[in-house]
$ cat entry-v5.txt   # compact mmCIF, C-alpha atoms
# COMPACT_ATOMS: atom_id res chain seq x y z
CA MET O 1 0.00 0.00 0.00
CA ARG O 2 2.73 2.36 0.98
CA ALA O 3 4.70 1.51 -2.14
CA LEU O 4 1.61 2.16 -4.22
CA HIS O 5 1.08 5.60 -2.66
CA PHE O 6 4.69 6.39 -3.22
CA GLY O 7 4.38 5.31 -6.82
CA ILE O 8 1.29 7.42 -7.42
CA GLY O 9 2.97 10.37 -5.74
CA LEU O 10 5.97 10.03 -8.00
CA ALA O 11 3.76 9.71 -11.03
CA ILE O 12 1.99 12.94 -10.11
CA ILE O 13 5.27 14.75 -9.61
CA PHE O 14 6.58 13.48 -12.94
CA ALA O 15 3.37 14.40 -14.74
CA ALA O 16 3.48 17.89 -13.27
CA SER O 17 7.10 18.52 -14.18
CA TRP O 18 6.56 17.04 -17.63
CA ALA O 19 3.66 19.46 -18.20
CA ALA O 20 5.79 22.34 -16.94
CA ALA O 21 8.55 21.37 -19.34
CA GLN O 22 6.05 21.32 -22.20
CA VAL O 23 4.85 24.83 -21.38
CA GLY O 24 8.42 26.08 -21.02
CA ALA O 25 9.83 24.40 -24.11
CA ASP O 26 9.46 26.71 -27.06
CA LYS O 27 11.01 24.78 -29.91
CA ARG O 28 10.61 27.56 -32.46
CA ARG O 29 13.89 28.70 -34.02
CA SER O 30 14.69 32.09 -35.45
CA GLY O 31 16.48 31.94 -38.80
CA THR O 32 19.44 33.44 -36.95
CA GLN O 33 19.99 30.11 -35.20
CA ASP O 34 20.28 28.36 -38.56
CA MET O 35 23.19 30.56 -39.68
CA GLY O 36 26.89 29.94 -39.11
CA GLU O 37 28.56 31.41 -36.07
CA ALA O 38 30.36 34.11 -38.07
CA LEU O 39 27.09 35.54 -39.37
CA GLN O 40 25.48 35.35 -35.95
CA LYS O 41 28.37 37.37 -34.57
CA MET O 42 28.05 39.86 -37.40
CA GLN O 43 24.36 40.32 -36.59
CA ASP O 44 24.99 40.74 -32.88
CA ASP O 45 27.84 43.21 -33.20
CA ASP O 46 26.52 46.68 -34.04
CA THR O 47 29.87 47.75 -35.44
CA ALA O 48 29.90 44.79 -37.87
CA ASN O 49 26.19 44.54 -38.74
CA PRO O 50 25.76 46.36 -42.08
CA GLY O 51 22.08 46.86 -41.27
CA MET O 52 23.13 49.34 -38.60
CA LEU O 53 24.24 51.76 -41.33
CA PHE O 54 20.63 51.84 -42.48
CA VAL O 55 19.46 52.39 -38.93
CA GLN O 56 21.84 55.36 -38.85
CA LEU O 57 20.49 56.68 -42.14
CA GLY O 58 16.97 56.18 -40.85
CA SER O 59 17.66 58.25 -37.77
CA GLN O 60 18.66 61.11 -40.08
CA SER O 61 15.49 60.75 -42.17
CA TRP O 62 13.49 60.67 -38.94
CA ALA O 63 14.61 64.19 -38.15
CA LYS O 64 14.41 65.55 -41.70
CA LYS O 65 11.48 67.79 -42.66
CA ALA O 66 9.65 66.64 -45.77
CA GLY O 67 6.61 67.40 -47.89
CA THR O 68 4.41 70.46 -48.15
CA ALA O 69 3.55 70.12 -44.44
CA ASP O 70 7.27 70.67 -43.82
CA LYS O 71 7.27 68.28 -40.91
CA SER O 72 9.67 65.56 -39.87
CA CYS O 73 8.70 62.26 -38.23
CA ALA O 74 10.24 63.67 -35.06
CA ASP O 75 7.95 66.73 -35.18
CA CYS O 76 4.98 64.44 -34.55
CA HIS O 77 6.55 61.46 -32.75
CA GLY O 78 9.43 63.01 -30.81
CA ASN O 79 12.07 60.61 -29.62
CA ALA O 80 11.76 57.33 -31.52
CA GLY O 81 13.44 55.52 -28.62
CA THR O 82 10.26 55.97 -26.62
CA SER O 83 7.49 56.61 -29.18
CA MET O 84 8.48 53.77 -31.53
CA LYS O 85 9.37 51.20 -28.90
CA GLY O 86 7.27 48.07 -29.50
CA VAL O 87 5.65 49.39 -32.69
CA ALA O 88 7.34 46.94 -35.09
CA ALA O 89 6.45 44.10 -32.72
CA ARG O 90 2.72 44.68 -33.27
CA TYR O 91 2.53 45.34 -37.01
CA PRO O 92 0.72 44.73 -39.40
CA ALA O 93 -2.21 46.66 -37.92
CA ILE O 94 -5.28 48.54 -39.11
CA PRO O 95 -4.71 52.31 -39.15
CA LYS O 96 -7.36 54.57 -37.60
CA GLY O 97 -10.24 55.12 -39.97
CA ALA O 98 -9.11 52.36 -42.33
CA GLU O 99 -10.48 48.87 -42.89
CA ALA O 100 -7.49 46.92 -44.14
CA PRO O 101 -4.20 46.29 -42.36
CA VAL O 102 -0.90 47.82 -43.40
CA ASP O 103 2.60 46.67 -42.57
CA LEU O 104 5.34 48.89 -41.23
CA ASP O 105 6.39 50.26 -44.65
CA GLY O 106 2.73 50.86 -45.42
CA ARG O 107 2.34 52.79 -42.17
CA ILE O 108 5.44 54.87 -42.87
CA ASN O 109 4.12 55.75 -46.30
CA LEU O 110 0.74 56.71 -44.80
CA CYS O 111 2.56 59.19 -42.58
CA ARG O 112 4.42 60.44 -45.64
CA THR O 113 1.28 61.12 -47.66
CA GLU O 114 -1.19 62.12 -44.94
CA ASN O 115 0.91 63.84 -42.32
CA GLN O 116 3.93 65.11 -44.19
CA LYS O 117 2.07 65.68 -47.46
CA ALA O 118 5.05 64.17 -49.24
CA GLU O 119 5.40 61.56 -51.99
CA ARG O 120 5.28 57.90 -51.12
CA LEU O 121 8.69 56.33 -50.82
CA PRO O 122 9.06 53.60 -53.47
CA PRO O 123 9.07 49.96 -52.29
CA GLU O 124 12.58 48.73 -51.36
CA SER O 125 13.99 52.25 -51.74
CA ARG O 126 16.93 53.13 -49.55
CA GLU O 127 15.05 55.77 -47.59
CA LEU O 128 12.01 53.59 -46.92
CA LEU O 129 14.16 50.65 -45.80
CA ALA O 130 16.26 52.95 -43.62
CA LEU O 131 13.20 54.38 -41.87
CA GLU O 132 11.76 50.90 -41.48
CA ALA O 133 15.04 49.64 -40.02
CA TYR O 134 15.23 52.61 -37.66
CA VAL O 135 11.70 52.06 -36.39
CA ALA O 136 12.13 48.26 -36.18
CA HIS O 137 15.39 48.69 -34.28
CA GLN O 138 13.47 50.41 -31.48
CA SER O 139 11.77 47.05 -30.84
CA ARG O 140 14.93 44.97 -30.87
CA GLY O 141 14.83 42.52 -27.97
CA LEU O 142 11.06 42.79 -27.51
CA PRO O 143 8.68 39.86 -28.03
CA ILE O 144 6.49 39.82 -31.13
CA ALA O 145 3.05 40.90 -29.90
CA PRO O 146 0.29 41.00 -32.53
CA PRO O 147 -2.60 43.25 -31.52
CA ALA O 148 -5.84 41.65 -30.31
CA ASP O 149 -7.94 43.25 -33.02
CA PRO O 150 -10.66 40.87 -34.21
CA ARG O 151 -10.85 42.73 -37.52
CA LEU O 152 -7.43 41.27 -38.33
CA ASP O 153 -8.63 37.66 -38.07
CA ALA O 154 -10.08 37.41 -41.56
CA PHE O 155 -6.91 38.85 -43.11
CA ARG O 156 -4.69 36.54 -41.06
CA ASP O 157 -6.80 33.55 -42.08
CA GLN O 158 -6.32 34.48 -45.71
CA GLY O 159 -2.58 34.64 -45.07
CA ALA O 160 -2.71 31.18 -43.52
CA ALA O 161 -4.58 29.87 -46.56
CA ILE O 162 -1.94 31.29 -48.91
CA TYR O 163 0.78 29.79 -46.72
CA ARG O 164 -0.74 26.32 -47.02
CA ALA O 165 -1.73 26.39 -50.70
CA ARG O 166 0.50 24.80 -53.30
CA GLN O 167 1.47 27.15 -56.07
CA GLY O 168 3.89 27.68 -58.90
CA GLN O 169 5.27 25.35 -61.55
CA LEU O 170 7.02 23.34 -58.80
CA ASN O 171 3.66 22.92 -57.03
CA LEU O 172 4.97 23.59 -53.51
CA SER O 173 3.53 25.52 -50.56
CA CYS O 174 5.23 27.63 -47.92
CA ALA O 175 4.12 25.04 -45.35
CA ILE O 176 5.78 22.15 -47.21
CA CYS O 177 9.17 23.80 -46.81
CA HIS O 178 8.83 25.83 -43.63
CA ASP O 179 6.64 23.52 -41.51
CA ASP O 180 7.22 20.02 -42.88
CA ASN O 181 10.87 20.33 -43.93
CA ALA O 182 12.33 23.10 -41.79
CA GLY O 183 15.81 22.15 -40.61
CA ARG O 184 16.43 19.95 -43.65
CA LYS O 185 18.76 20.88 -46.48
CA LEU O 186 17.51 22.35 -49.72
CA ALA O 187 20.71 21.89 -51.71
CA GLY O 188 23.24 23.44 -49.32
CA VAL O 189 20.80 25.66 -47.44
CA THR O 190 19.12 24.82 -44.15
CA ILE O 191 15.42 25.59 -44.56
CA PRO O 192 14.50 28.03 -41.78
CA GLU O 193 11.14 28.09 -39.99
CA ALA O 194 10.30 31.39 -41.69
CA HIS O 195 9.86 33.54 -38.61
CA PRO O 196 9.91 37.24 -39.47
CA THR O 197 12.11 38.04 -36.47
CA GLY O 198 14.93 39.91 -38.22
CA TYR O 199 13.26 42.11 -40.84
CA PRO O 200 14.33 44.25 -42.53
CA ILE O 201 17.47 42.15 -43.02
CA TYR O 202 20.85 42.83 -44.54
CA ARG O 203 21.37 39.97 -46.95
CA LEU O 204 24.92 39.38 -48.14
CA GLU O 205 23.61 37.97 -51.41
CA TRP O 206 21.70 41.21 -52.07
CA GLN O 207 24.47 43.39 -50.69
CA THR O 208 21.78 45.60 -49.23
CA LEU O 209 18.93 45.72 -46.81
CA GLY O 210 15.66 44.10 -47.88
CA SER O 211 12.15 43.82 -46.57
CA LEU O 212 10.15 40.74 -45.64
CA LYS O 213 8.21 41.27 -48.88
CA ARG O 214 11.40 40.93 -50.86
CA ARG O 215 12.16 37.67 -49.04
CA LEU O 216 8.66 36.31 -49.72
CA ARG O 217 8.97 37.32 -53.37
CA ASN O 218 12.24 35.34 -53.56
CA CYS O 219 10.52 32.23 -52.23
CA LEU O 220 7.68 32.65 -54.73
CA VAL O 221 10.11 33.07 -57.61
CA GLY O 222 11.97 30.00 -56.35
CA ILE O 223 8.92 27.80 -56.77
CA ARG O 224 8.17 29.51 -60.09
CA ALA O 225 4.96 31.10 -58.85
CA GLU O 226 3.84 34.51 -60.08
CA PRO O 227 4.94 36.91 -57.32
CA TYR O 228 2.22 39.20 -55.98
CA ALA O 229 2.44 42.80 -57.20
CA SER O 230 4.84 44.84 -55.13
CA GLU O 231 2.31 46.37 -52.75
CA ALA O 232 -0.34 43.65 -52.96
CA PRO O 233 -2.46 42.88 -49.88
CA GLU O 234 -1.36 39.23 -50.03
CA TYR O 235 2.02 40.15 -48.56
CA VAL O 236 0.37 41.90 -45.60
CA MET O 237 -1.86 38.85 -45.08
CA LEU O 238 1.12 36.50 -45.11
CA GLU O 239 2.97 38.83 -42.78
CA LEU O 240 0.03 38.85 -40.34
CA PHE O 241 0.03 35.09 -40.33
CA LEU O 242 3.81 34.82 -39.91
CA MET O 243 3.86 37.37 -37.06
CA ASP O 244 1.12 35.46 -35.26
CA ARG O 245 2.99 32.20 -35.75
CA ALA O 246 6.07 33.88 -34.26
CA LYS O 247 4.18 35.51 -31.39
CA GLY O 248 6.41 35.84 -28.34
CA MET O 249 9.65 35.35 -30.27
CA VAL O 250 12.20 38.12 -29.89
CA LEU O 251 12.64 40.80 -32.57
CA GLU O 252 16.22 41.05 -33.84
CA ALA O 253 16.04 43.75 -36.50
CA PRO O 254 18.16 44.50 -38.40
CA GLY O 255 19.03 40.84 -39.02
CA VAL O 256 21.86 39.57 -41.21
CA ARG O 257 21.35 36.70 -43.66
CA PRO O 258 23.76 34.94 -46.06
CA MET V 1 0.34 14.24 -86.19
CA ALA V 2 -1.26 17.69 -86.05
CA LEU V 3 -3.75 16.33 -83.55
CA ALA V 4 -1.06 14.88 -81.29
CA PHE V 5 0.50 18.32 -81.15
CA PHE V 6 -2.61 19.75 -79.50
CA VAL V 7 -3.11 16.96 -77.00
CA PRO V 8 -1.99 18.17 -73.55
CA ALA V 9 1.20 16.57 -72.30
CA ALA V 10 -0.54 14.69 -69.49
CA ALA V 11 -3.09 13.09 -71.78
CA ALA V 12 -0.43 11.85 -74.16
CA GLN V 13 1.15 9.65 -71.47
CA GLN V 14 -0.05 6.07 -71.27
CA VAL V 15 -0.04 5.08 -67.62
CA VAL V 16 -0.07 1.34 -67.01
CA GLY V 17 -0.12 0.33 -63.35
CA ASP V 18 2.53 2.44 -61.64
CA ALA V 19 4.50 3.14 -64.80
CA ILE V 20 4.56 4.90 -68.17
CA PRO V 21 6.08 2.06 -70.19
CA ALA V 22 6.58 3.92 -73.48
CA SER V 23 9.11 6.67 -74.12
CA LEU V 24 7.46 10.10 -74.24
CA THR V 25 9.30 10.84 -77.48
CA GLY V 26 9.31 7.38 -78.97
CA GLN V 27 13.12 7.52 -78.70
CA PRO V 28 15.48 6.33 -75.96
CA GLY V 29 17.06 9.09 -73.86
CA ASP V 30 20.73 9.93 -73.50
CA ALA V 31 22.18 9.11 -70.06
CA ALA V 32 25.05 11.62 -70.27
CA ARG V 33 22.66 14.47 -71.05
CA GLY V 34 20.39 13.17 -68.29
CA ARG V 35 23.18 13.37 -65.76
CA ALA V 36 23.82 16.99 -66.70
CA ILE V 37 20.11 17.80 -66.30
CA VAL V 38 19.95 16.17 -62.87
CA ALA V 39 23.10 18.00 -61.76
CA ASN V 40 21.88 21.39 -62.97
CA ARG V 41 20.25 23.39 -60.24
CA SER V 42 18.14 25.50 -62.55
CA VAL V 43 17.19 22.82 -65.09
CA GLY V 44 16.54 19.53 -63.28
CA LEU V 45 16.55 21.02 -59.76
CA CYS V 46 16.78 17.42 -58.55
CA LEU V 47 19.69 17.95 -56.16
CA LEU V 48 17.83 20.70 -54.35
CA CYS V 49 15.86 17.91 -52.68
CA HIS V 50 17.68 14.67 -53.46
CA ALA V 51 21.22 13.52 -52.91
CA GLY V 52 22.75 11.57 -55.77
CA PRO V 53 26.06 10.04 -56.88
CA ILE V 54 27.24 13.29 -58.52
CA ALA V 55 30.35 14.10 -56.53
CA GLU V 56 31.17 17.45 -58.14
CA GLU V 57 27.90 18.92 -56.86
CA ARG V 58 28.77 19.52 -53.25
CA PHE V 59 25.44 20.91 -52.12
CA GLN V 60 22.75 18.27 -52.25
CA GLY V 61 19.39 18.15 -50.55
CA ASP V 62 17.98 15.82 -47.92
CA LEU V 63 14.24 16.32 -48.42
CA ALA V 64 13.92 13.16 -50.50
CA PRO V 65 15.39 9.66 -50.89
CA SER V 66 18.85 9.42 -52.49
CA LEU V 67 18.85 8.82 -56.22
CA ALA V 68 21.66 6.29 -55.80
CA GLY V 69 20.38 2.88 -56.80
CA ALA V 70 17.19 4.28 -58.39
CA GLY V 71 17.87 2.08 -61.45
CA SER V 72 17.86 -1.04 -59.30
CA ARG V 73 14.66 -0.16 -57.48
CA TRP V 74 12.61 0.94 -60.49
CA SER V 75 12.11 0.05 -64.11
CA GLU V 76 12.41 2.79 -66.74
CA GLY V 77 8.63 2.95 -66.97
CA GLN V 78 8.30 3.39 -63.22
CA LEU V 79 10.97 6.11 -63.20
CA ARG V 80 9.20 7.87 -66.09
CA LEU V 81 5.91 8.14 -64.16
CA ARG V 82 7.64 9.23 -60.95
CA ILE V 83 9.35 12.07 -62.80
CA ALA V 84 6.50 13.03 -65.10
CA ASP V 85 3.82 13.16 -62.41
CA GLY V 86 4.56 11.52 -59.06
CA ALA V 87 1.27 12.80 -57.66
CA ARG V 88 -0.48 10.01 -59.54
CA LEU V 89 1.11 7.62 -57.05
CA ASN V 90 1.10 9.80 -53.96
CA ALA V 91 -1.24 12.79 -53.97
CA ASP V 92 0.73 14.43 -51.15
CA THR V 93 4.13 14.09 -52.77
CA ILE V 94 6.35 17.16 -52.79
CA MET V 95 8.19 15.94 -55.87
CA PRO V 96 7.31 18.49 -58.58
CA PRO V 97 5.37 17.21 -61.59
CA TYR V 98 8.02 17.50 -64.30
CA TYR V 99 5.73 16.73 -67.22
CA ARG V 100 2.34 18.14 -66.32
CA THR V 101 0.81 21.55 -66.91
CA THR V 102 -2.67 21.05 -65.46
CA GLY V 103 -3.92 21.47 -61.91
CA LEU V 104 -1.23 24.02 -60.99
CA GLN V 105 -1.98 27.37 -59.34
CA ARG V 106 -0.44 30.80 -59.95
CA VAL V 107 2.37 29.60 -62.18
CA ALA V 108 4.78 32.44 -63.04
CA ARG V 109 4.00 33.99 -66.39
CA ASN V 110 7.27 32.90 -68.00
CA PHE V 111 6.60 29.25 -67.09
CA ASP V 112 2.84 29.14 -67.57
CA GLY V 113 1.66 26.33 -69.83
CA LYS V 114 5.17 24.86 -69.97
CA THR V 115 6.35 21.64 -68.42
CA ILE V 116 9.39 21.78 -66.11
CA LEU V 117 11.27 19.42 -68.43
CA SER V 118 10.56 18.67 -72.09
CA ALA V 119 9.65 15.13 -73.14
CA ALA V 120 13.19 14.64 -74.46
CA GLN V 121 14.70 15.87 -71.20
CA VAL V 122 12.50 13.49 -69.18
CA GLU V 123 13.77 10.65 -71.38
CA ASP V 124 17.38 11.71 -70.81
CA VAL V 125 16.83 11.76 -67.03
CA VAL V 126 15.15 8.33 -67.15
CA ALA V 127 18.10 6.96 -69.14
CA TYR V 128 20.55 8.35 -66.57
CA LEU V 129 18.63 7.09 -63.50
CA ALA V 130 18.40 3.64 -65.10
CA THR V 131 22.22 3.49 -64.98
CA LEU V 132 22.24 4.06 -61.19
CA LYS V 133 22.48 0.46 -60.04
CA ASP V 134 23.36 -0.45 -56.48
$ encode --input "entry-v5.txt" --output "structure tokens"
Amino acid sequence: MRALHFGIGLAIIFAASWAAAQVGADKRRSGTQDMGEALQKMQDDDTANPGMLFVQLGSQSWAKKAGTADKSCADCHGNAGTSMKGVAARYPAIPKGAEAPVDLDGRINLCRTENQKAERLPPESRELLALEAYVAHQSRGLPIAPPADPRLDAFRDQGAAIYRARQGQLNLSCAICHDDNAGRKLAGVTIPEAHPTGYPIYRLEWQTLGSLKRRLRNCLVGIRAEPYASEAPEYVMLELFLMDRAKGMVLEAPGVRP
Amino acid sequence: MALAFFVPAAAAQQVVGDAIPASLTGQPGDAARGRAIVANRSVGLCLLCHAGPIAEERFQGDLAPSLAGAGSRWSEGQLRLRIADGARLNADTIMPPYYRTTGLQRVARNFDGKTILSAAQVEDVVAYLATLKD
């Protein structure tokens, strides 16, 4: 009888610690962990991370007056270190008065056109990427925290559907590579889990900074699918889905990739 | 002859059991050309997913079984179907359909309506794989 009690007691203790381990064990991996040590060091060292040059440039644009309103970002938002902290961690979001979500570049361009009365910055342009990197950098180290806005659900669901659908001449889906085969080798490359933790990233192959959209476009081209148009809502939907999937993971922008 | 030209690629293949016994071109393929296609990352793309006995290609994939010994495991007809349209055997396969243009979504404009490999290229690849004996 005693032995039985003891046994049950042990079983309960084991069950409890097993459950605790399950809660604690987050097996998700940032793409950073799939890179070689040299690149990880480059990302972590601000004096070696080429993305930091864009952050620098972005801080200059932040303070520069633009448009017919003759206002800078700083004129409205003050010190980015406080006003922009956590912003990148909760995008895409639905701007006030709008119905569809925008991502961080979309939000920056809304400020350009509506508040600065300036021209939109072209997609992947140096100034847009620099501002995006500067804003994203203010959230470095913070957990990804999508907003609890039920209006986003339908958009996120569409992103999830795109993620799971086969497309392109090679007839593959994002999920086939990034869920089912993450960690395996596609030719020489370890397939990452596709968490948007580091964006915008400095990619050595591009020799410049690039947005998440550019990365997604690369994957689409890789499977010989027609990429979505450069500012298509599909990218924002995918981004919503990916951010939700990476909820709680730490933002690392600007990341470095091979 | 004119009619055959308009028949979609998939319909022209005669599937018998788990194989396409007849050559897609009516001609045997060339194993040396087939090897080059398999090795080429933007033509065959095979080594993105598979490993194979092609030593000069250092970066090979591990998403799929090795191609080594494929010629011992499968007949030419079986290899032909697996390359042309493996989904006929396993609907969930991730192996791309190399000789099918139907049932695909959002294919890039420059590839739309085209097969990944031509009939002659499929035959070359079949001829090469058939030489891979254990």
$ interface_residues --input "entry-v5.txt" --of "chain V" --to "chain O" --cutoff "6 Å" --atoms "only C-alpha atoms" --output "PyMOL selection string"
chain V and resi 48-49+59-62+96+105-108
$ write_last_selection --input "entry-v5.txt" --atoms "C-alpha atoms" --output "mmCIF file, in the coordinates of the input"
data_model
loop_
_atom_site.group_PDB
_atom_site.id
_atom_site.type_symbol
_atom_site.label_atom_id
_atom_site.label_comp_id
_atom_site.auth_asym_id
_atom_site.auth_seq_id
_atom_site.Cartn_x
_atom_site.Cartn_y
_atom_site.Cartn_z
ATOM 1 C CA LEU V 48 17.830 20.700 -54.350
ATOM 2 C CA CYS V 49 15.860 17.910 -52.680
ATOM 3 C CA PHE V 59 25.440 20.910 -52.120
ATOM 4 C CA GLN V 60 22.750 18.270 -52.250
ATOM 5 C CA GLY V 61 19.390 18.150 -50.550
ATOM 6 C CA ASP V 62 17.980 15.820 -47.920
ATOM 7 C CA PRO V 96 7.310 18.490 -58.580
ATOM 8 C CA GLN V 105 -1.980 27.370 -59.340
ATOM 9 C CA ARG V 106 -0.440 30.800 -59.950
ATOM 10 C CA VAL V 107 2.370 29.600 -62.180
ATOM 11 C CA ALA V 108 4.780 32.440 -63.040
#
$ axis_aligned_box --input "entry-v5.txt" --around "segment 35-50 of chain O" --padding-each-side "4 Å" --output "lines of an AutoDock Vina configuration file"
center_x = 26.8
center_y = 38.8
center_z = -37.5
size_x = 15.2
size_y = 25.8
size_z = 17.2
$ residues_around --input "entry-v5.txt" --residues "Ser72 of chain V" --least-positions-apart "2" --cutoff "8 Å" --atoms "all atoms listed in the file" --output "PDB file with C-alpha atoms, keeping the file's coordinate frame"
ATOM      1  CA  GLY V  69      20.380   2.880 -56.800  1.00  0.00           C
ATOM      2  CA  ALA V  70      17.190   4.280 -58.390  1.00  0.00           C
ATOM      3  CA  TRP V  74      12.610   0.940 -60.490  1.00  0.00           C
ATOM      4  CA  SER V  75      12.110   0.050 -64.110  1.00  0.00           C
ATOM      5  CA  ALA V 130      18.400   3.640 -65.100  1.00  0.00           C
ATOM      6  CA  LEU V 132      22.240   4.060 -61.190  1.00  0.00           C
ATOM      7  CA  LYS V 133      22.480   0.460 -60.040  1.00  0.00           C
ATOM      8  CA  ASP V 134      23.360  -0.450 -56.480  1.00  0.00           C
TER       9      ASP V 134
END
$ closest_residue --input "entry-v5.txt" --among "V:Pro97, V:Gly44, V:Gly17, V:Gly103" --to "Gln121 of chain V" --atoms "only C-alpha atoms"
V:Gly44
$ atom_distance --input "entry-v5.txt" --atom1 "atom CA of Lys247 of chain O" --atom2 "atom CA of Ile144 of chain O"
4.9 Å
$ residues_around --input "entry-v5.txt" --residues "Ala84 of chain V" --least-positions-apart "3" --cutoff "9 Å" --atoms "all atoms listed in the file" --output "number ranges by chain"
V: 10, 13, 20, 79-81, 96-100, 117, 119, 122
$ write_last_selection --input "entry-v5.txt" --atoms "C-alpha atoms" --output "PDB file, in the frame of the given file"
ATOM      1  CA  ALA V  10      -0.540  14.690 -69.490  1.00  0.00           C
ATOM      2  CA  GLN V  13       1.150   9.650 -71.470  1.00  0.00           C
ATOM      3  CA  ILE V  20       4.560   4.900 -68.170  1.00  0.00           C
ATOM      4  CA  LEU V  79      10.970   6.110 -63.200  1.00  0.00           C
ATOM      5  CA  ARG V  80       9.200   7.870 -66.090  1.00  0.00           C
ATOM      6  CA  LEU V  81       5.910   8.140 -64.160  1.00  0.00           C
ATOM      7  CA  PRO V  96       7.310  18.490 -58.580  1.00  0.00           C
ATOM      8  CA  PRO V  97       5.370  17.210 -61.590  1.00  0.00           C
ATOM      9  CA  TYR V  98       8.020  17.500 -64.300  1.00  0.00           C
ATOM     10  CA  TYR V  99       5.730  16.730 -67.220  1.00  0.00           C
ATOM     11  CA  ARG V 100       2.340  18.140 -66.320  1.00  0.00           C
ATOM     12  CA  LEU V 117      11.270  19.420 -68.430  1.00  0.00           C
ATOM     13  CA  ALA V 119       9.650  15.130 -73.140  1.00  0.00           C
ATOM     14  CA  VAL V 122      12.500  13.490 -69.180  1.00  0.00           C
TER      15      VAL V 122
END
$ atom_distance --input "entry-v5.txt" --atom1 "atom CA of Asp18 of chain V" --atom2 "atom CA of Ala91 of chain V"
13.4 Å
$ atom_distance --input "entry-v5.txt" --atom1 "atom CA of Ala39 of chain V" --atom2 "atom CA of Gln27 of chain V"
22.3 Å
$ closest_residue --input "entry-v5.txt" --among "O:Gln33, O:Thr68, O:Asn218, O:Gln60" --to "Leu131 of chain O" --atoms "all atoms listed in the file"
O:Gln60
$ build_atoms --input "entry-v5.txt" --residues "segment 183-187 of chain O" --atoms "all heavy atoms" --output "PDB file, keeping the file's coordinate frame"
ATOM      1  N   GLY O 183      14.671  22.834 -41.225  1.00  0.00           N
ATOM      2  CA  GLY O 183      15.810  22.150 -40.610  1.00  0.00           C
ATOM      3  C   GLY O 183      16.497  21.204 -41.575  1.00  0.00           C
ATOM      4  O   GLY O 183      17.645  20.833 -41.379  1.00  0.00           O
ATOM      5  N   ARG O 184      15.786  20.800 -42.640  1.00  0.00           N
ATOM      6  CA  ARG O 184      16.430  19.950 -43.650  1.00  0.00           C
ATOM      7  C   ARG O 184      17.172  20.825 -44.641  1.00  0.00           C
ATOM      8  O   ARG O 184      17.027  22.035 -44.655  1.00  0.00           O
ATOM      9  CB  ARG O 184      15.368  19.110 -44.380  1.00  0.00           C
ATOM     10  CG  ARG O 184      14.614  18.162 -43.465  1.00  0.00           C
ATOM     11  CD  ARG O 184      14.362  16.828 -44.182  1.00  0.00           C
ATOM     12  NE  ARG O 184      13.775  15.858 -43.250  1.00  0.00           N
ATOM     13  CZ  ARG O 184      12.467  15.634 -43.155  1.00  0.00           C
ATOM     14  NH1 ARG O 184      11.609  16.270 -43.935  1.00  0.00           N
ATOM     15  NH2 ARG O 184      12.016  14.752 -42.292  1.00  0.00           N
ATOM     16  N   LYS O 185      17.953  20.156 -45.502  1.00  0.00           N
ATOM     17  CA  LYS O 185      18.760  20.880 -46.480  1.00  0.00           C
ATOM     18  C   LYS O 185      18.079  20.935 -47.834  1.00  0.00           C
ATOM     19  O   LYS O 185      17.764  19.901 -48.420  1.00  0.00           O
ATOM     20  CB  LYS O 185      20.109  20.187 -46.660  1.00  0.00           C
ATOM     21  CG  LYS O 185      20.982  20.240 -45.428  1.00  0.00           C
ATOM     22  CD  LYS O 185      21.705  21.560 -45.331  1.00  0.00           C
ATOM     23  CE  LYS O 185      22.736  21.510 -44.218  1.00  0.00           C
ATOM     24  NZ  LYS O 185      23.141  22.858 -43.801  1.00  0.00           N
ATOM     25  N   LEU O 186      17.904  22.142 -48.328  1.00  0.00           N
ATOM     26  CA  LEU O 186      17.510  22.350 -49.720  1.00  0.00           C
ATOM     27  C   LEU O 186      18.807  22.715 -50.427  1.00  0.00           C
ATOM     28  O   LEU O 186      19.347  23.796 -50.212  1.00  0.00           O
ATOM     29  CB  LEU O 186      16.494  23.490 -49.789  1.00  0.00           C
ATOM     30  CG  LEU O 186      15.842  23.731 -51.149  1.00  0.00           C
ATOM     31  CD1 LEU O 186      14.881  22.613 -51.500  1.00  0.00           C
ATOM     32  CD2 LEU O 186      15.113  25.065 -51.166  1.00  0.00           C
ATOM     33  N   ALA O 187      19.313  21.779 -51.250  1.00  0.00           N
ATOM     34  CA  ALA O 187      20.710  21.890 -51.710  1.00  0.00           C
ATOM     35  C   ALA O 187      21.573  22.163 -50.482  1.00  0.00           C
ATOM     36  O   ALA O 187      21.471  21.447 -49.495  1.00  0.00           O
ATOM     37  CB  ALA O 187      20.855  22.932 -52.789  1.00  0.00           C
TER      38      ALA O 187
END
